[in-house]
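Colleague: Pasting target-v2.txt below, which is compact mmCIF, C-alpha atoms.
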```txt
# COMPACT_ATOMS: atom_id res chain seq x y z
CA MET A 1 118.88 -72.24 157.32
CA ASP A 2 122.58 -71.41 157.26
CA SER A 3 124.22 -74.35 155.46
CA PRO A 4 126.70 -73.73 152.62
CA ARG A 5 124.28 -75.42 150.23
CA SER A 6 121.50 -72.95 151.05
CA LEU A 7 123.98 -70.09 150.63
CA VAL A 8 124.89 -71.32 147.15
CA ALA A 9 121.20 -71.62 146.24
CA SER A 10 120.51 -68.09 147.44
CA ALA A 11 123.35 -66.77 145.25
CA PHE A 12 121.92 -68.50 142.18
CA VAL A 13 118.43 -67.11 142.83
CA ALA A 14 119.82 -63.62 143.38
CA PHE A 15 121.76 -63.68 140.10
CA ALA A 16 118.71 -65.03 138.28
CA ALA A 17 116.72 -62.06 139.61
CA PHE A 18 119.53 -59.64 138.74
CA GLY A 19 119.75 -60.98 135.19
CA SER A 20 115.97 -60.87 134.85
CA PHE A 21 115.92 -57.19 135.71
CA TRP A 22 118.48 -56.29 133.08
CA GLY A 23 116.98 -58.60 130.49
CA VAL A 24 113.56 -57.01 130.87
CA TRP A 25 115.05 -53.53 130.96
CA GLY A 26 117.10 -54.04 127.78
CA ALA A 27 114.09 -55.28 125.85
CA SER A 28 111.83 -52.54 127.25
CA VAL A 29 113.97 -49.48 126.46
CA PRO A 30 111.99 -48.57 123.31
CA ARG A 31 108.70 -48.76 125.24
CA VAL A 32 110.12 -46.74 128.13
CA ARG A 33 111.28 -44.08 125.66
CA HIS A 34 107.82 -43.95 124.10
CA GLN A 35 106.03 -43.75 127.45
CA ALA A 36 108.34 -40.98 128.68
CA GLY A 37 107.98 -39.10 125.38
CA VAL A 38 111.72 -38.44 125.00
CA SER A 39 113.95 -38.26 121.96
CA ASP A 40 116.97 -40.47 121.34
CA GLY A 41 119.25 -37.72 122.57
CA GLN A 42 117.21 -37.23 125.73
CA LEU A 43 117.21 -40.98 126.33
CA GLY A 44 120.99 -41.03 126.02
CA PHE A 45 121.18 -38.23 128.59
CA ALA A 46 118.83 -40.07 130.94
CA LEU A 47 120.88 -43.26 130.70
CA LEU A 48 123.86 -41.41 132.15
CA PHE A 49 121.98 -41.41 135.45
CA VAL A 50 122.32 -45.21 135.65
CA GLY A 51 126.09 -44.91 135.97
CA ALA A 52 125.80 -41.79 138.14
CA GLY A 53 123.69 -43.74 140.62
CA ALA A 54 125.61 -47.01 140.38
CA LEU A 55 129.17 -45.86 141.02
CA PRO A 56 128.74 -44.26 144.47
CA ALA A 57 126.39 -47.06 145.53
CA MET A 58 128.97 -49.68 144.55
CA LEU A 59 131.63 -47.92 146.61
CA LEU A 60 129.42 -47.81 149.69
CA ALA A 61 127.69 -51.18 149.42
CA GLY A 62 130.73 -53.31 150.20
CA ARG A 63 131.50 -51.40 153.38
CA ALA A 64 127.83 -51.68 154.41
CA LEU A 65 127.87 -55.44 153.79
CA ASP A 66 130.99 -55.90 155.90
CA ARG A 67 129.35 -53.97 158.72
CA TRP A 68 125.74 -55.16 158.68
CA GLY A 69 125.93 -58.47 156.87
CA PRO A 70 123.20 -60.24 154.86
CA MET A 71 120.56 -57.56 155.36
CA VAL A 72 122.39 -55.36 152.86
CA ALA A 73 122.53 -57.99 150.09
CA ALA A 74 118.93 -59.04 150.65
CA GLY A 75 117.74 -55.45 150.76
CA ALA A 76 119.66 -54.42 147.65
CA ILE A 77 118.29 -57.14 145.38
CA SER A 78 114.77 -56.64 146.76
CA LEU A 79 114.96 -52.88 146.27
CA LEU A 80 116.12 -53.32 142.67
CA GLY A 81 112.93 -55.18 141.75
CA VAL A 82 110.68 -52.64 143.46
CA VAL A 83 112.50 -49.73 141.81
CA GLY A 84 112.17 -51.36 138.39
CA ALA A 85 108.42 -51.71 138.78
CA GLY A 86 108.22 -48.14 140.04
CA LEU A 87 110.22 -46.90 137.06
CA ALA A 88 107.88 -48.61 134.62
CA LEU A 89 104.89 -46.96 136.29
CA THR A 90 106.24 -43.45 136.82
CA ALA A 91 108.59 -42.70 133.90
CA VAL A 92 106.23 -40.37 132.01
CA ASN A 93 108.62 -37.51 131.20
CA LEU A 94 112.33 -36.72 131.15
CA PRO A 95 112.69 -35.65 134.82
CA SER A 96 110.86 -38.69 136.17
CA LEU A 97 112.86 -40.95 133.86
CA CYS A 98 116.17 -39.47 135.06
CA VAL A 99 115.21 -39.84 138.72
CA GLY A 100 114.00 -43.39 138.19
CA LEU A 101 117.15 -44.41 136.33
CA GLY A 102 119.36 -42.83 138.99
CA ILE A 103 117.64 -44.84 141.74
CA ALA A 104 117.68 -47.96 139.58
CA GLY A 105 121.41 -47.49 138.95
CA ALA A 106 122.10 -47.12 142.67
CA SER A 107 120.03 -50.20 143.48
CA SER A 108 121.69 -52.19 140.73
CA GLY A 109 125.18 -51.13 141.80
CA ALA A 110 124.54 -52.09 145.41
CA ALA A 111 123.02 -55.41 144.38
CA ASP A 112 125.91 -56.13 142.01
CA VAL A 113 128.55 -55.74 144.71
CA THR A 114 126.70 -57.46 147.53
CA ILE A 115 125.46 -60.54 145.71
CA ASN A 116 128.93 -61.02 144.20
CA ALA A 117 130.36 -60.91 147.71
CA VAL A 118 127.81 -63.49 148.84
CA ALA A 119 128.75 -65.70 145.88
CA GLY A 120 132.40 -65.34 146.88
CA ARG A 121 131.54 -66.39 150.42
CA ALA A 122 129.67 -69.42 149.07
CA GLU A 123 132.68 -70.36 146.95
CA GLN A 124 134.98 -70.15 149.96
CA LEU A 125 132.70 -72.26 152.14
CA THR A 126 132.05 -75.00 149.60
CA GLY A 127 135.36 -75.04 147.71
CA ARG A 128 133.34 -75.05 144.49
CA PRO A 129 133.51 -72.51 141.63
CA VAL A 130 130.25 -70.72 142.41
CA ILE A 131 131.13 -67.30 140.97
CA ALA A 132 131.51 -68.43 137.36
CA ARG A 133 128.26 -70.37 137.43
CA VAL A 134 126.17 -67.63 139.00
CA HIS A 135 127.47 -65.25 136.35
CA GLY A 136 126.39 -67.80 133.77
CA THR A 137 122.96 -67.80 135.40
CA PHE A 138 122.88 -64.01 135.12
CA SER A 139 123.70 -64.12 131.39
CA ALA A 140 121.17 -66.89 130.73
CA PHE A 141 118.37 -65.00 132.45
CA VAL A 142 119.24 -61.83 130.55
CA VAL A 143 118.64 -63.71 127.30
CA VAL A 144 115.49 -65.52 128.46
CA THR A 145 113.77 -62.56 130.07
CA SER A 146 114.61 -60.20 127.23
CA LEU A 147 112.84 -62.60 124.90
CA GLY A 148 109.94 -62.83 127.35
CA ALA A 149 109.66 -59.04 127.53
CA GLY A 150 109.64 -58.97 123.74
CA VAL A 151 106.70 -61.37 123.71
CA ALA A 152 104.89 -59.21 126.27
CA SER A 153 105.47 -56.17 124.10
CA ALA A 154 104.18 -57.96 120.99
CA ALA A 155 101.08 -58.96 122.94
CA SER A 156 100.56 -55.29 123.94
CA TRP A 157 100.71 -56.03 127.65
CA PRO A 158 101.27 -52.97 129.86
CA LEU A 159 104.89 -51.97 130.24
CA ALA A 160 104.80 -52.62 133.98
CA VAL A 161 103.75 -56.28 133.72
CA PRO A 162 107.20 -57.84 133.10
CA PHE A 163 108.77 -55.47 135.63
CA ILE A 164 106.26 -56.54 138.27
CA GLY A 165 107.16 -60.16 137.57
CA VAL A 166 110.83 -59.29 138.06
CA ALA A 167 109.98 -57.46 141.29
CA ALA A 168 108.35 -60.61 142.66
CA LEU A 169 111.45 -62.64 141.81
CA CYS A 170 113.74 -60.02 143.38
CA LEU A 171 111.70 -59.97 146.59
CA ALA A 172 111.82 -63.76 146.75
CA ALA A 173 115.58 -63.68 146.17
CA GLY A 174 116.00 -61.18 149.00
CA ALA A 175 113.98 -63.31 151.40
CA ILE A 176 115.93 -66.46 150.51
CA MET A 177 119.26 -64.71 150.87
CA LEU A 178 118.36 -63.17 154.21
CA ARG A 179 117.69 -66.64 155.58
CA ALA A 180 120.63 -68.36 153.91
CA VAL A 181 123.65 -66.17 154.59
CA PRO A 182 125.55 -67.57 157.58
CA HIS A 183 127.23 -65.63 160.30
CA ARG A 184 130.52 -64.26 159.09
CA THR A 185 133.61 -66.24 159.99
CA THR A 186 137.09 -65.82 158.59
CA VAL A 187 138.10 -69.20 157.26
CA HIS A 188 139.74 -70.69 154.22
CA ASP A 189 138.71 -73.83 152.44
CA ASP A 190 141.10 -75.87 154.58
CA GLY A 191 139.54 -74.51 157.77
CA THR A 192 142.49 -72.33 158.74
CA LYS A 193 142.22 -68.67 159.54
CA ALA A 194 142.74 -66.18 156.75
CA PRO A 195 146.12 -64.44 156.76
CA ALA A 196 146.16 -61.07 158.44
CA ALA A 197 145.50 -58.13 156.16
CA PRO A 198 148.38 -55.83 155.32
CA SER A 199 148.70 -53.03 157.82
CA SER A 200 148.88 -50.36 155.12
CA GLY A 201 145.59 -49.35 153.51
CA HIS A 202 147.36 -48.62 150.24
CA ALA A 203 149.05 -52.03 150.27
CA ARG A 204 145.59 -53.57 150.50
CA ILE A 205 143.76 -51.34 148.02
CA ILE A 206 146.24 -50.93 145.16
CA PRO A 207 146.23 -54.62 144.05
CA LEU A 208 142.41 -54.57 144.10
CA VAL A 209 142.31 -51.42 141.97
CA LEU A 210 144.73 -53.00 139.48
CA ILE A 211 142.61 -56.14 139.25
CA GLY A 212 139.68 -53.79 138.70
CA VAL A 213 141.59 -52.32 135.74
CA LEU A 214 141.80 -55.82 134.25
CA GLY A 215 138.07 -56.20 134.89
CA ALA A 216 137.45 -52.86 133.18
CA LEU A 217 139.29 -54.05 130.07
CA ALA A 218 137.24 -57.26 130.14
CA PHE A 219 133.92 -55.47 130.56
CA ALA A 220 134.78 -52.87 127.94
CA SER A 221 135.40 -55.63 125.42
CA GLU A 222 132.28 -57.56 126.46
CA ASN A 223 129.89 -54.61 126.37
CA ALA A 224 131.41 -53.34 123.12
CA HIS A 225 130.35 -56.55 121.37
CA GLN A 226 126.98 -56.67 123.12
CA SER A 227 126.16 -53.08 122.19
CA TRP A 228 127.62 -52.86 118.68
CA SER A 229 127.37 -56.33 117.15
CA ALA A 230 123.90 -55.72 115.71
CA VAL A 231 125.03 -52.38 114.26
CA PHE A 232 128.08 -54.05 112.72
CA ALA A 233 125.91 -56.76 111.17
CA GLN A 234 123.59 -54.17 109.66
CA ASP A 235 126.08 -51.53 108.49
CA GLU A 236 129.08 -53.62 107.45
CA LEU A 237 127.49 -56.94 106.46
CA HIS A 238 124.12 -55.55 105.28
CA ALA A 239 122.12 -58.10 107.25
CA GLY A 240 118.35 -57.71 107.37
CA ALA A 241 116.52 -56.38 110.42
CA GLY A 242 115.61 -59.87 111.60
CA LEU A 243 119.13 -61.23 111.25
CA THR A 244 120.83 -58.36 113.07
CA THR A 245 119.28 -59.51 116.35
CA VAL A 246 121.09 -62.84 115.97
CA ALA A 247 124.47 -61.24 116.64
CA PRO A 248 123.94 -59.99 120.23
CA ALA A 249 121.89 -63.09 121.07
CA VAL A 250 124.70 -65.40 119.90
CA PHE A 251 127.25 -63.39 121.86
CA ALA A 252 125.21 -63.36 125.09
CA GLY A 253 124.36 -67.06 124.75
CA THR A 254 128.02 -67.96 124.26
CA VAL A 255 128.99 -65.95 127.34
CA ALA A 256 126.40 -67.81 129.41
CA ILE A 257 127.44 -71.26 128.17
CA THR A 258 131.11 -70.47 128.72
CA ARG A 259 130.54 -69.35 132.30
CA PHE A 260 128.69 -72.54 133.11
CA SER A 261 131.44 -74.57 131.44
CA ILE A 262 134.37 -73.05 133.33
CA GLY A 263 132.64 -73.84 136.60
CA SER A 264 134.49 -77.15 136.70
CA LEU A 265 137.90 -75.45 136.58
CA LYS A 266 139.74 -74.88 139.83
CA THR A 267 140.89 -71.40 140.85
CA ALA A 268 144.47 -72.67 140.75
CA HIS A 269 144.20 -72.41 136.96
CA ALA A 270 142.90 -68.81 137.07
CA ARG A 271 145.93 -67.25 135.40
CA THR A 272 145.84 -69.70 132.51
CA VAL A 273 142.10 -69.17 132.09
CA ILE A 274 142.50 -65.38 132.02
CA LEU A 275 145.34 -65.43 129.50
CA THR A 276 143.53 -67.91 127.26
CA GLY A 277 140.34 -65.87 127.49
CA ALA A 278 142.17 -62.67 126.56
CA LEU A 279 143.72 -64.34 123.50
CA ALA A 280 140.32 -65.71 122.42
CA ALA A 281 138.69 -62.31 122.91
CA ALA A 282 141.35 -60.58 120.84
CA GLY A 283 141.20 -63.23 118.13
CA GLY A 284 137.42 -63.12 117.97
CA ALA A 285 137.40 -59.34 117.58
CA LEU A 286 139.93 -59.59 114.73
CA VAL A 287 137.81 -62.25 113.00
CA ILE A 288 134.80 -59.92 113.23
CA ALA A 289 136.86 -57.01 111.90
CA GLY A 290 137.72 -58.94 108.75
CA ALA A 291 134.46 -60.89 108.38
CA PRO A 292 133.11 -60.99 104.81
CA SER A 293 129.74 -62.43 105.88
CA LEU A 294 127.40 -62.71 108.83
CA LEU A 295 128.35 -66.38 109.27
CA VAL A 296 132.04 -65.55 109.71
CA ALA A 297 131.18 -62.64 112.01
CA THR A 298 129.02 -64.98 114.09
CA LEU A 299 131.95 -67.37 114.46
CA GLY A 300 134.03 -64.41 115.60
CA LEU A 301 131.33 -63.47 118.12
CA VAL A 302 131.33 -67.03 119.49
CA MET A 303 135.10 -66.83 119.90
CA ALA A 304 134.94 -63.37 121.48
CA GLY A 305 132.05 -64.38 123.74
CA ALA A 306 133.91 -67.45 124.96
CA GLY A 307 136.98 -65.33 125.63
CA THR A 308 135.36 -62.39 127.40
CA GLY A 309 132.93 -64.63 129.28
CA VAL A 310 135.66 -66.17 131.44
CA LEU A 311 137.47 -62.97 132.35
CA PHE A 312 135.58 -61.07 135.04
CA PRO A 313 134.24 -64.11 136.95
CA THR A 314 137.76 -65.55 137.11
CA LEU A 315 139.23 -62.25 138.28
CA LEU A 316 136.55 -61.95 140.95
CA ALA A 317 137.11 -65.53 142.07
CA THR A 318 140.82 -64.79 142.42
CA VAL A 319 140.05 -61.84 144.69
CA SER A 320 137.54 -63.86 146.68
CA ARG A 321 140.05 -66.63 147.27
CA ASN A 322 142.70 -64.27 148.63
CA VAL A 323 140.65 -61.86 150.77
CA GLU A 324 139.72 -62.25 154.43
CA GLU A 325 136.03 -62.52 155.22
CA ASP A 326 135.61 -59.27 157.13
CA TYR A 327 137.00 -57.35 154.15
CA ARG A 328 135.17 -59.29 151.42
CA GLY A 329 132.47 -56.67 150.80
CA ARG A 330 134.91 -53.80 150.45
CA ALA A 331 137.27 -55.82 148.24
CA THR A 332 134.39 -56.80 145.95
CA SER A 333 133.25 -53.18 145.94
CA ILE A 334 136.63 -51.84 144.82
CA VAL A 335 137.11 -54.41 142.05
CA SER A 336 133.51 -54.14 140.81
CA THR A 337 133.47 -50.34 140.78
CA VAL A 338 136.66 -50.00 138.78
CA SER A 339 135.53 -52.78 136.44
CA TYR A 340 132.16 -51.10 135.95
CA LEU A 341 133.91 -48.10 134.40
CA GLY A 342 134.89 -50.38 131.52
CA PHE A 343 131.28 -51.49 131.14
CA LEU A 344 130.18 -47.85 130.89
CA PHE A 345 132.88 -46.65 128.52
CA GLY A 346 133.29 -49.73 126.30
CA PRO A 347 130.48 -48.80 123.87
CA VAL A 348 131.69 -45.17 123.87
CA TYR A 349 135.20 -46.36 123.04
CA VAL A 350 133.85 -48.27 120.04
CA GLY A 351 131.88 -45.24 118.88
CA VAL A 352 134.94 -42.99 118.99
CA ALA A 353 137.06 -45.60 117.21
CA ALA A 354 134.34 -46.10 114.58
CA ASP A 355 134.25 -42.36 113.85
CA ALA A 356 138.00 -42.41 113.35
CA ALA A 357 138.50 -45.70 111.50
CA GLY A 358 135.08 -47.20 110.70
CA LEU A 359 133.38 -50.12 112.44
CA ARG A 360 135.94 -52.63 111.21
CA GLY A 361 138.71 -50.48 112.61
CA ALA A 362 136.74 -50.23 115.85
CA MET A 363 136.73 -54.03 116.14
CA VAL A 364 140.52 -53.95 115.83
CA ALA A 365 140.50 -51.41 118.68
CA VAL A 366 138.39 -53.85 120.73
CA ALA A 367 140.98 -56.55 120.04
CA ALA A 368 143.58 -54.14 121.42
CA LEU A 369 141.69 -54.05 124.73
CA ALA A 370 142.00 -57.82 125.08
CA ALA A 371 145.65 -57.69 124.03
CA ALA A 372 146.32 -55.10 126.73
CA LEU A 373 144.65 -57.37 129.29
CA PHE A 374 146.85 -60.27 128.15
CA VAL A 375 150.00 -58.19 128.66
CA LEU A 376 148.98 -56.64 131.98
CA ALA A 377 147.44 -59.70 133.65
CA PRO A 378 150.62 -61.61 134.68
CA PRO A 379 152.33 -58.76 136.59
CA ILE A 380 149.08 -57.57 138.20
CA LEU A 381 148.03 -61.05 139.30
CA HIS A 382 151.52 -61.67 140.66
CA LEU A 383 151.28 -58.45 142.67
CA SER A 384 147.93 -59.49 144.11
CA ASP A 385 149.05 -62.99 145.13
CA PRO A 386 149.07 -63.50 148.90
CA PRO A 387 152.47 -64.16 150.49
CA ARG A 388 153.44 -67.80 150.56
CA ARG A 389 153.61 -69.54 153.92
CA GLU A 390 157.37 -69.95 153.72
CA ASP A 391 157.68 -66.21 153.03
CA LEU A 392 155.53 -65.47 156.09
CA ARG A 393 157.73 -67.73 158.21
CA ALA A 394 160.87 -66.08 156.89
CA SER A 395 159.56 -62.60 157.70
CA SER A 396 158.29 -63.49 161.19
CA PRO A 397 160.56 -62.68 164.16
CA ARG A 398 162.65 -65.62 165.22
CA ARG A 399 162.84 -66.80 168.78
CA PRO A 400 166.28 -66.40 170.40
CA ARG A 401 168.09 -69.68 170.41
CA SER A 402 169.25 -71.18 173.67
CA GLY A 403 172.89 -71.83 174.35
CA ARG A 404 172.42 -75.49 173.65
CA GLY A 405 172.74 -76.78 170.17
CA PRO A 406 170.17 -79.02 168.57
CA ARG A 407 169.83 -82.44 170.11
```
What do you get writing this file as structure tokens?
Modeller:
Amino acid sequence: MDSPRSLVASAFVAFAAFGSFWGVWGASVPRVRHQAGVSDGQLGFALLFVGAGALPAMLLAGRALDRWGPMVAAGAISLLGVVGAGLALTAVNLPSLCVGLGIAGASSGAADVTINAVAGRAEQLTGRPVIARVHGTFSAFVVVTSLGAGVASAASWPLAVPFIGVAALCLAAGAIMLRAVPHRTTVHDDGTKAPAAPSSGHARIIPLVLIGVLGALAFASENAHQSWSAVFAQDELHAGAGLTTVAPAVFAGTVAITRFSIGSLKTAHARTVILTGALAAAGGALVIAGAPSLLVATLGLVMAGAGTGVLFPTLLATVSRNVEEDYRGRATSIVSTVSYLGFLFGPVYVGVAADAAGLRGAMVAVAALAAALFVLAPPILHLSDPPRREDLRASSPRRPRSGRGPR
């Protein structure tokens, strides 16, 4: 089973499993804290191990995928589910929680890079915008499974039950992907060979790092809203406990809907999509900053969610379109790792800004992130554009002309 259609299906299943893991985890954090018997401060310390495990794994996973192929992607998503179930069963104190989160972070980082690379391969083979839609699937499953984990908690089911369900889905996703990923070939959508990579390693890496910087700004803005919107609703708008949960749910739902919606747009419009998304993200953050009520703040969250939701998938699709197949894993690894730094530090950035200028001032600071992305995107995307065919012809050595003139 190696058709492009089966490859696309495997990418969707993998992202559904990936989103399910993080949806269940997000809803289960209070129960994990209680089971491990740790304080809020100790939990914050333990959560640092997620990033500590993820970053090196993300750097290595792309190279492993380029070398060994689909086994890496299938193994990473399968391992993530098993590790999640193991974490739910063994996190009974601070040391075991830290170890479990470190392994979970490494598994998640490896899965993140490799399944994104597989989605990029599927997009190249089919000529369809797969990356945006699988990211929409991820966001949708985060919302659905977090609600499901909440129901399981209310029903007093054991903590491990939803994680075991996710493990089964992850194992199924790994099996499907292992069968679906085709042998690697270096082709473009038009069937021609990919252009040769630049001979200099720095000439190849620097544009990817810079696109990762744009991704970091996008993720910082996205995770800032996801992590702080409920706090803003409670502290600044004095919303009740039940209503505060509406804010992150609205934001996540908007991100998911937006990613499904932009699936019909062609990658030729990537620059316009990124610039429009950055403007919407900045505008939404400013609306939230000045919101007099939860309704107005919710409208700002919809605007910000629609803006941030298009950014990283479009950036990743741009990279996928321009990279040769035997370098796809490493390219995805570089962009994803740099971008992930924004995901880690976005909520911290808001916290520091809130201490200095209050939560409303922090939302203005979030708008500044999107504004910076808007300013930086055109020159960085221009730098990362592949050389045009006429440029390649002009730079290629010319054959010596014969003594005869043209006939």
Colleague: Compare A:Ala230, A:Leu286, A:Ala370, A:Val118 by their minimum atom-to-atom distance to Ser320 (chain A), counting only C-alpha atoms, and give me the closest one.
Modeller: A:Val118
Colleague: Edge lengths and centre in Å to one decimal, as AutoDock Vina command-line options, is what I'm after for the box along x, y and z that holds all listed atoms of region 67-73 of chain A once 4 Å is added on each side.
Modeller:
```
--center_x 125.0 --center_y -57.1 --center_z 154.4 --size_x 16.8 --size_y 14.3 --size_z 16.6
```
Colleague: Have a look at A:Asn116, A:Ser156, A:Thr126, A:Ser221 and name the one nearest to Ala306 (chain A); count only C-alpha atoms.
Modeller: A:Ser221
Colleague: Which distance in Å separates CA of Ile274 (chain A) and CA of Phe232 (chain A), to one decimal?
Modeller: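 Atom-to-atom, CA of Ile274 (chain A) and CA of Phe232 (chain A) are spaced 26.6 Å apart.
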Colleague: In terms of the shortest atom-to-atom distance over all atoms listed in the file, which of A:Trp25, A:Trp68, A:Phe15, A:Phe251 is closest to Ala297 (chain A)?
Modeller: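 Ranked by minimum distance to Ala297 (chain A), first place goes to A:Phe251.
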